[in-house]
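K.L.:
Below is entry-v1.cif; it holds mmCIF, C-alpha atoms.
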data_work
loop_
_atom_site.group_PDB
_atom_site.id
_atom_site.type_symbol
_atom_site.label_atom_id
_atom_site.label_comp_id
_atom_site.auth_asym_id
_atom_site.auth_seq_id
_atom_site.Cartn_x
_atom_site.Cartn_y
_atom_site.Cartn_z
ATOM 1 C CA GLY A 166 79.705 159.305 21.869
ATOM 2 C CA LEU A 167 77.799 161.810 23.951
ATOM 3 C CA LYS A 168 75.707 162.750 20.939
ATOM 4 C CA ALA A 169 74.613 159.138 20.617
ATOM 5 C CA GLU A 170 73.795 159.015 24.312
ATOM 6 C CA ARG A 171 71.839 162.242 24.042
ATOM 7 C CA ARG A 172 69.622 160.836 21.279
ATOM 8 C CA ARG A 173 68.370 158.059 23.534
ATOM 9 C CA PRO A 174 65.005 158.790 25.121
ATOM 10 C CA PHE A 175 64.898 160.286 28.622
ATOM 11 C CA ASN A 176 62.050 160.212 31.084
ATOM 12 C CA GLU A 177 60.752 163.695 31.793
ATOM 13 C CA PRO A 178 62.691 164.411 35.026
ATOM 14 C CA ASP A 179 65.934 163.322 33.339
ATOM 15 C CA ALA A 180 65.062 165.228 30.183
ATOM 16 C CA SER A 181 64.638 168.393 32.234
ATOM 17 C CA LEU A 182 68.051 167.877 33.849
ATOM 18 C CA ALA A 183 69.615 167.139 30.453
ATOM 19 C CA ARG A 184 68.210 170.386 29.055
ATOM 20 C CA ASP A 185 69.705 172.299 31.973
ATOM 21 C CA LEU A 186 73.109 170.666 31.442
ATOM 22 C CA LEU A 187 73.050 171.445 27.733
ATOM 23 C CA HIS A 188 72.029 175.021 28.460
ATOM 24 C CA ILE A 189 74.930 175.396 30.897
ATOM 25 C CA ALA A 190 77.287 173.883 28.314
ATOM 26 C CA GLY A 191 76.112 176.300 25.628
ATOM 27 C CA GLY A 192 74.110 173.671 23.774
ATOM 28 C CA ARG A 193 77.006 171.236 23.305
ATOM 29 C CA ILE A 194 78.885 168.985 25.724
ATOM 30 C CA ASP A 195 82.486 169.706 24.801
ATOM 31 C CA ARG A 196 85.936 168.380 25.598
ATOM 32 C CA SER A 197 86.324 170.380 28.792
ATOM 33 C CA ALA A 198 83.444 168.475 30.368
ATOM 34 C CA VAL A 199 84.471 164.922 29.479
ATOM 35 C CA LYS A 200 88.269 164.939 29.195
ATOM 36 C CA PRO A 201 89.112 164.893 32.942
ATOM 37 C CA SER A 202 86.995 161.785 33.517
ATOM 38 C CA VAL A 203 87.971 159.941 30.335
ATOM 39 C CA MET A 204 91.682 160.563 30.919
ATOM 40 C CA ALA A 205 91.442 159.265 34.471
ATOM 41 C CA LEU A 206 89.704 155.991 33.550
ATOM 42 C CA PRO A 207 92.968 154.029 33.107
ATOM 43 C CA TYR A 208 93.996 155.139 36.587
ATOM 44 C CA GLY A 209 91.071 153.405 38.218
ATOM 45 C CA LEU A 210 88.563 156.245 38.271
ATOM 46 C CA THR A 211 85.579 155.281 40.402
ATOM 47 C CA ASP A 212 81.975 156.363 39.855
ATOM 48 C CA SER A 213 82.258 158.814 42.746
ATOM 49 C CA GLY A 214 85.522 160.137 41.311
ATOM 50 C CA MET A 215 83.828 160.753 37.982
ATOM 51 C CA ARG A 216 81.030 162.631 39.720
ATOM 52 C CA ASP A 217 83.599 164.774 41.565
ATOM 53 C CA LYS A 218 85.206 165.778 38.271
ATOM 54 C CA LEU A 219 81.814 166.609 36.785
ATOM 55 C CA TYR A 220 80.976 168.704 39.849
ATOM 56 C CA ASP A 221 84.181 170.672 39.202
ATOM 57 C CA TRP A 222 83.173 171.216 35.569
ATOM 58 C CA LEU A 223 79.646 172.235 36.558
ATOM 59 C CA ASP A 224 80.860 174.711 39.176
ATOM 60 C CA ASP A 225 83.000 176.456 36.540
ATOM 61 C CA ALA A 226 80.475 176.280 33.695
ATOM 62 C CA ASP A 227 77.291 177.221 35.566
ATOM 63 C CA GLU A 228 77.855 180.971 35.365
ATOM 64 C CA GLY A 229 74.142 181.681 35.529
ATOM 65 C CA ALA A 230 73.742 179.575 38.690
ATOM 66 C CA LEU A 231 71.061 177.482 37.000
ATOM 67 C CA LEU A 232 71.809 174.476 39.223
ATOM 68 C CA ARG A 233 74.291 175.861 41.730
ATOM 69 C CA ASP A 234 71.814 176.792 44.440
ATOM 70 C CA ASP A 235 69.590 173.717 44.165
ATOM 71 C CA ARG A 236 71.661 170.991 45.803
ATOM 72 C CA GLU A 237 69.230 168.150 45.123
ATOM 73 C CA ARG A 238 68.825 169.042 41.450
ATOM 74 C CA ARG A 239 72.558 169.652 41.055
ATOM 75 C CA THR A 240 73.323 166.192 42.478
ATOM 76 C CA ALA A 241 70.754 164.554 40.204
ATOM 77 C CA ALA A 242 72.162 166.346 37.138
ATOM 78 C CA VAL A 243 75.724 165.242 37.866
ATOM 79 C CA SER A 244 74.610 161.654 38.490
ATOM 80 C CA LEU A 245 72.732 161.662 35.171
ATOM 81 C CA PHE A 246 75.742 163.095 33.335
ATOM 82 C CA ALA A 247 78.073 160.514 34.915
ATOM 83 C CA LYS A 248 75.735 157.648 33.993
ATOM 84 C CA HIS A 249 75.619 158.590 30.313
ATOM 85 C CA LEU A 250 79.296 159.550 30.101
ATOM 86 C CA LYS A 251 80.239 156.135 31.465
ATOM 87 C CA ALA A 252 77.914 154.392 28.977
ATOM 88 C CA ALA A 253 79.227 156.458 26.057
ATOM 89 C CA THR A 254 82.810 155.712 27.033
ATOM 90 C CA ALA A 255 82.168 151.970 27.180
ATOM 91 C CA GLU A 256 80.425 152.104 23.790
ATOM 92 C CA HIS A 257 82.829 154.277 21.825
ATOM 93 C CA ILE A 258 86.291 153.541 23.254
ATOM 94 C CA LYS A 259 85.788 149.842 23.786
ATOM 95 C CA GLY A 260 89.423 148.803 23.495
ATOM 96 C CA PRO A 261 90.808 150.822 26.428
ATOM 97 C CA VAL A 262 87.811 149.944 28.598
ATOM 98 C CA ARG A 263 88.265 146.230 27.861
ATOM 99 C CA VAL A 264 91.977 146.470 28.695
ATOM 100 C CA LEU A 265 91.162 148.239 31.957
ATOM 101 C CA ASP A 266 88.582 145.611 32.887
ATOM 102 C CA TRP A 267 91.032 142.822 32.014
ATOM 103 C CA LEU A 268 93.835 144.318 34.120
ATOM 104 C CA GLN A 269 91.534 144.886 37.070
ATOM 105 C CA GLY A 270 90.268 141.313 36.764
ATOM 106 C CA LEU A 271 93.858 140.078 36.615
ATOM 107 C CA ALA A 272 94.742 142.014 39.750
ATOM 108 C CA GLY A 273 91.719 140.604 41.542
ATOM 109 C CA ALA A 274 92.460 137.017 40.482
ATOM 110 C CA THR A 275 96.175 137.267 41.243
ATOM 111 C CA ASN A 276 95.526 138.681 44.684
ATOM 112 C CA ALA A 277 92.532 136.560 45.650
ATOM 113 C CA GLY A 278 92.133 135.356 49.211
ATOM 114 C CA GLU A 279 94.931 136.077 51.633
ATOM 115 C CA ALA A 280 97.643 136.526 48.999
ATOM 116 C CA THR A 281 100.612 138.635 50.069
ATOM 117 C CA ARG A 282 102.740 138.532 46.910
ATOM 118 C CA PRO A 283 102.783 141.710 44.804
ATOM 119 C CA ILE A 284 102.279 141.775 41.041
ATOM 120 C CA ARG A 285 105.563 141.974 39.129
ATOM 121 C CA PHE A 286 106.288 142.512 35.453
ATOM 122 C CA THR A 287 109.081 143.855 33.266
ATOM 123 C CA SER A 288 108.631 147.064 31.297
ATOM 124 C CA PRO A 289 109.665 147.309 27.621
ATOM 125 C CA ALA A 290 112.732 149.215 28.819
ATOM 126 C CA GLY A 291 113.810 146.180 30.849
ATOM 127 C CA PHE A 292 113.047 147.616 34.280
ATOM 128 C CA PRO A 293 111.147 145.600 36.881
ATOM 129 C CA VAL A 294 107.775 146.991 37.942
ATOM 130 C CA VAL A 295 106.229 146.023 41.274
ATOM 131 C CA VAL A 296 102.602 146.780 42.175
ATOM 132 C CA ASP A 297 102.537 146.360 45.940
ATOM 133 C CA TYR A 298 99.845 148.289 47.818
ATOM 134 C CA ARG A 299 99.373 147.062 51.375
ATOM 135 C CA LYS A 300 96.619 147.456 53.883
ATOM 136 C CA THR A 301 97.386 149.823 56.718
ATOM 137 C CA THR A 302 96.585 150.226 60.354
ATOM 138 C CA LYS A 303 96.317 153.580 62.072
ATOM 139 C CA LYS A 304 96.619 154.606 65.675
ATOM 140 C CA ARG A 305 96.680 157.996 67.345
ATOM 141 C CA VAL A 306 99.821 158.896 69.309
ATOM 142 C CA THR A 307 100.700 161.984 71.314
ATOM 143 C CA ALA A 308 104.243 163.339 71.080
ATOM 144 C CA GLY A 309 106.132 166.345 72.331
ATOM 145 C CA VAL A 310 109.581 167.917 72.055
ATOM 146 C CA CYS A 311 110.398 166.769 75.581
ATOM 147 C CA LYS A 312 108.674 164.912 78.414
ATOM 148 C CA TRP A 313 107.652 168.214 80.044
ATOM 149 C CA ASP A 314 105.460 168.953 77.004
ATOM 150 C CA LEU A 315 103.495 165.795 77.683
ATOM 151 C CA LYS A 316 103.284 166.406 81.416
ATOM 152 C CA GLU A 317 101.976 169.924 80.877
ATOM 153 C CA GLY A 318 99.558 168.944 78.106
ATOM 154 C CA ARG A 319 101.498 170.612 75.279
ATOM 155 C CA GLY A 320 101.850 167.465 73.207
ATOM 156 C CA HIS A 321 100.614 167.097 69.644
ATOM 157 C CA ASP A 322 98.476 164.270 68.298
ATOM 158 C CA PHE A 323 99.605 162.349 65.228
ATOM 159 C CA ASP A 324 98.261 159.410 63.258
ATOM 160 C CA LEU A 325 100.841 156.636 63.084
ATOM 161 C CA VAL A 326 100.231 154.633 59.905
ATOM 162 C CA GLU A 327 101.757 151.175 59.591
ATOM 163 C CA PHE A 328 101.652 148.750 56.684
ATOM 164 C CA VAL A 329 100.616 145.172 57.324
ATOM 165 C CA ASP A 330 101.565 141.994 55.450
ATOM 166 C CA LYS A 331 98.321 141.875 53.500
ATOM 167 C CA LEU A 332 97.613 143.337 50.088
ATOM 168 C CA ASP A 333 94.965 145.995 49.592
ATOM 169 C CA ILE A 334 93.038 144.292 46.782
ATOM 170 C CA GLY A 335 91.044 147.395 45.889
ATOM 171 C CA ALA A 336 94.212 149.473 45.547
ATOM 172 C CA GLN A 337 95.915 146.727 43.534
ATOM 173 C CA LYS A 338 93.027 146.685 41.058
ATOM 174 C CA MET A 339 92.981 150.468 40.766
ATOM 175 C CA LYS A 340 96.752 150.906 40.394
ATOM 176 C CA LEU A 341 97.767 148.082 38.059
ATOM 177 C CA ALA A 342 96.461 149.780 34.902
ATOM 178 C CA SER A 343 98.245 153.042 35.719
ATOM 179 C CA ALA A 344 101.478 151.128 36.439
ATOM 180 C CA VAL A 345 101.283 149.422 33.034
ATOM 181 C CA GLY A 346 100.536 152.720 31.263
ATOM 182 C CA ALA A 347 103.300 154.599 33.075
ATOM 183 C CA SER A 348 105.841 151.861 32.317
ATOM 184 C CA LEU A 349 104.985 152.029 28.598
ATOM 185 C CA ASP A 350 105.230 155.845 28.594
ATOM 186 C CA ALA A 351 108.582 155.700 30.386
ATOM 187 C CA ALA A 352 109.944 153.137 27.931
ATOM 188 C CA CYS A 353 108.905 155.319 24.988
ATOM 189 C CA LEU A 354 110.551 158.329 26.597
ATOM 190 C CA MET A 355 113.821 156.503 27.258
ATOM 191 C CA GLU A 356 114.100 155.040 23.763
ATOM 192 C CA THR A 357 113.220 158.377 22.170
ATOM 193 C CA ALA A 358 115.904 160.185 24.184
ATOM 194 C CA LEU A 359 118.531 157.550 23.342
ATOM 195 C CA ARG A 360 117.755 157.638 19.639
ATOM 196 C CA LEU A 361 117.764 161.432 19.576
ATOM 197 C CA ARG A 362 121.201 161.424 21.157
ATOM 198 C CA ALA A 363 122.416 158.894 18.596
ATOM 199 C CA ALA A 364 121.080 161.222 15.868
ATOM 200 C CA GLY A 365 123.092 164.116 17.323
ATOM 201 C CA VAL A 366 120.196 165.890 19.069
ATOM 202 C CA THR A 367 121.324 166.824 22.576
ATOM 203 C CA ALA A 368 118.803 169.559 23.430
ATOM 204 C CA PHE A 369 115.656 167.702 24.431
ATOM 205 C CA ASN A 370 112.860 168.485 26.857
ATOM 206 C CA HIS A 371 109.798 166.641 28.051
ATOM 207 C CA ILE A 372 106.934 167.171 30.486
ATOM 208 C CA HIS A 373 104.928 164.013 31.122
ATOM 209 C CA ASP A 374 103.845 163.029 27.598
ATOM 210 C CA CYS A 375 104.934 166.249 25.848
ATOM 211 C CA TYR A 376 108.232 166.181 23.944
ATOM 212 C CA GLY A 377 110.239 169.145 22.703
ATOM 213 C CA ALA A 378 113.444 170.070 20.888
ATOM 214 C CA HIS A 379 114.877 173.094 19.128
ATOM 215 C CA ALA A 380 112.935 174.107 16.034
ATOM 216 C CA ALA A 381 115.674 172.856 13.722
ATOM 217 C CA ASN A 382 115.385 169.362 15.237
ATOM 218 C CA MET A 383 111.589 169.031 15.420
ATOM 219 C CA ALA A 384 111.331 167.019 12.190
ATOM 220 C CA THR A 385 113.887 164.546 13.557
ATOM 221 C CA LEU A 386 112.046 164.356 16.872
ATOM 222 C CA ALA A 387 108.687 163.777 15.154
ATOM 223 C CA ALA A 388 110.038 160.960 12.978
ATOM 224 C CA ILE A 389 111.841 159.209 15.850
ATOM 225 C CA LEU A 390 108.895 159.627 18.204
ATOM 226 C CA ARG A 391 106.423 158.021 15.815
ATOM 227 C CA ASP A 392 108.819 155.173 15.088
ATOM 228 C CA VAL A 393 109.520 154.511 18.777
ATOM 229 C CA PHE A 394 105.880 154.473 19.852
ATOM 230 C CA ALA A 395 104.831 152.273 16.912
ATOM 231 C CA GLY A 396 107.712 149.883 17.549
ATOM 232 C CA ILE A 397 107.112 149.489 21.262
ATOM 233 C CA TYR A 398 103.376 148.958 20.934
ATOM 234 C CA GLU A 399 103.862 146.469 18.101
ATOM 235 C CA ARG A 400 106.324 144.459 20.195
ATOM 236 C CA GLU A 401 104.368 144.712 23.446
ATOM 237 C CA ASP A 402 100.836 144.211 22.096
#
Go ahead and express the file in the form of structure tokens.
P.N.:
Amino acid sequence: GLKAERRRPFNEPDASLARDLLHIAGGRIDRSAVKPSVMALPYGLTDSGMRDKLYDWLDDADEGALLRDDRERRTAAVSLFAKHLKAATAEHIKGPVRVLDWLQGLAGATNAGEATRPIRFTSPAGFPVVVDYRKTTKKRVTAGVCKWDLKEGRGHDFDLVEFVDKLDIGAQKMKLASAVGASLDAACLMETALRLRAAGVTAFNHIHDCYGAHAANMATLAAILRDVFAGIYERED
């Protein structure tokens, strides 16, 4: 995707920035540069969030300080990178981007106006999922261990955050896609664990979306895992 973006003509200032980025990346934009942003897209990654991730990549990759000390040029390079990464993502992984746009549109339509009802759905595992992000109010309060603390000026200031009976539409739109994805992942995990147990495999480990078993049971795990994921996504498409 990035190769296709790179072949499109640049104006000279952008071309100069692109050459610097490619030089920093060793002549090729690789997985380490794009993965953090692409993986975060389903979780409502904003344009500024994408730029933050690209800044992190640039800070690590720019060992020769080609752009590090020129703040204006560094900012322009990251903005250019983000622009073309976003375009390449929309062009080459159209399905996930369309799903994200659809879910965000659904959240916006469901919560239009002064709506106060959260979004609810049932996961493939049968559990209810509630997406309910509320607006908040904040006020500063001063507290102490005892009243003498306050009298003698030894109190501490805290922000008291309270939720109000009004949905945060922006948060709803950003969080719905991640709630759907997490519910699907959790359902796959649960069904995999149950089927492994039924197959006599009792030593099982997982970290997020990584699954593990003893070496002697890996073939069983691989077969069950593929079957579970295919089955759930066929049923829930």
K.L.:
Quick one: residues within 9 Å of Ala358 in chain A, all atoms listed in the file counted, chain neighbours fewer than 5 positions away excluded, as a list in words?
P.N.:
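Surrounding residues, per the criterion: Cys353, Ala363, Val366, Thr367 and Phe369 of chain A.
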K.L.:
Find the residue from A:Lys248, A:Arg282, A:Arg362, A:His379 that sits nearest to Val296 in chain A; use all atoms listed in the file when measuring.
P.N.:
A:Arg282
K.L.:
Expressed in Å to a single decimal, how great is the separation between CA of Arg238 in chain A and CA of Met215 in chain A?
P.N.:
17.5 Å
K.L.:
Using only C-alpha atoms, find all polymer residues with an atom at most 12 Å away from the point (106.6, 162.2, 21.8); report them as a PyMOL selection string.
P.N.:
chain A and resi 350-358+361+369-378+383-395
K.L.:
Have a look at CA of Arg299 in chain A and CA of Lys251 in chain A and let me know their distance in Å, one decimal.
P.N.:
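Value for the CA of Arg299 in chain A-CA of Lys251 in chain A distance: 29.1 Å.
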K.L.:
Put a box with edges along x, y and z around all the listed atoms of range 333-341 of chain A, pad it by 6 Å on each side, then give me its centre and sizes in Å, one decimal, as lines of an AutoDock Vina configuration file.
P.N.:
center_x = 94.4
center_y = 147.6
center_z = 43.8
size_x = 18.7
size_y = 18.6
size_z = 23.5
K.L.:
Could you jot down the CA of Asp234 in chain A to CA of Met204 in chain A separation for me, Å, one decimal place?
P.N.:
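Interatomic distance here is 29.0 Å.
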K.L.:
Determine, counting all atoms listed in the file, which protein, DNA and RNA residues have an atom within 8 Å of an atom of Ser348 in chain A; residues of the same chain fewer than 3 positions away are not included. Present the result as a PyMOL selection string.
P.N.:
chain A and resi 288-289+294+344-345+351-352
K.L.:
The PyMOL selection byres ((chain A and resi 189) around 12) on the file shown: which residues, as a list of chain:residue names?
P.N.:
A:Leu182, A:Ala183, A:Arg184, A:Asp185, A:Leu186, A:Leu187, A:His188, A:Ala190, A:Gly191, A:Gly192, A:Arg193, A:Ile194, A:Asp195, A:Ala198, A:Trp222, A:Leu223, A:Asp224, A:Asp225, A:Ala226, A:Asp227, A:Glu228, A:Gly229, A:Ala230, A:Leu231, A:Leu232, A:Arg233, A:Arg239, A:Ala242
K.L.:
I need the residue nearest Asp297 in chain A from this list: A:Leu268, A:Cys311, A:Met339, A:His321. Use all atoms listed in the file for the distance.
P.N.:
A:Met339
K.L.:
Using all atoms listed in the file, collect all residues at a distance of at most 10 Å from (87.8, 152.6, 30.2) as written in the file, then present them as JSON, numbers by chain.
P.N.:
{"A": [202, 203, 204, 205, 206, 207, 208, 209, 210, 251, 254, 255, 256, 257, 258, 259, 260, 261, 262, 263, 264, 265, 266]}
K.L.:
Those selected residues, please, written with C-alpha atoms and delivered as a CSV table (one decimal), keeping the file's coordinate frame.
P.N.:
chain,number,residue,atom,x,y,z
A,202,SER,CA,87.0,161.8,33.5
A,203,VAL,CA,88.0,159.9,30.3
A,204,MET,CA,91.7,160.6,30.9
A,205,ALA,CA,91.4,159.3,34.5
A,206,LEU,CA,89.7,156.0,33.6
A,207,PRO,CA,93.0,154.0,33.1
A,208,TYR,CA,94.0,155.1,36.6
A,209,GLY,CA,91.1,153.4,38.2
A,210,LEU,CA,88.6,156.2,38.3
A,251,LYS,CA,80.2,156.1,31.5
A,254,THR,CA,82.8,155.7,27.0
A,255,ALA,CA,82.2,152.0,27.2
A,256,GLU,CA,80.4,152.1,23.8
A,257,HIS,CA,82.8,154.3,21.8
A,258,ILE,CA,86.3,153.5,23.3
A,259,LYS,CA,85.8,149.8,23.8
A,260,GLY,CA,89.4,148.8,23.5
A,261,PRO,CA,90.8,150.8,26.4
A,262,VAL,CA,87.8,149.9,28.6
A,263,ARG,CA,88.3,146.2,27.9
A,264,VAL,CA,92.0,146.5,28.7
A,265,LEU,CA,91.2,148.2,32.0
A,266,ASP,CA,88.6,145.6,32.9
K.L.:
Carefully work through the PyMOL selection byres ((chain A and resi 330) around 12) for this structure and note down the residues it includes, as an MDAnalysis selection string.
P.N.:
chainID A and resid 279:283 297:302 327:329 331:333
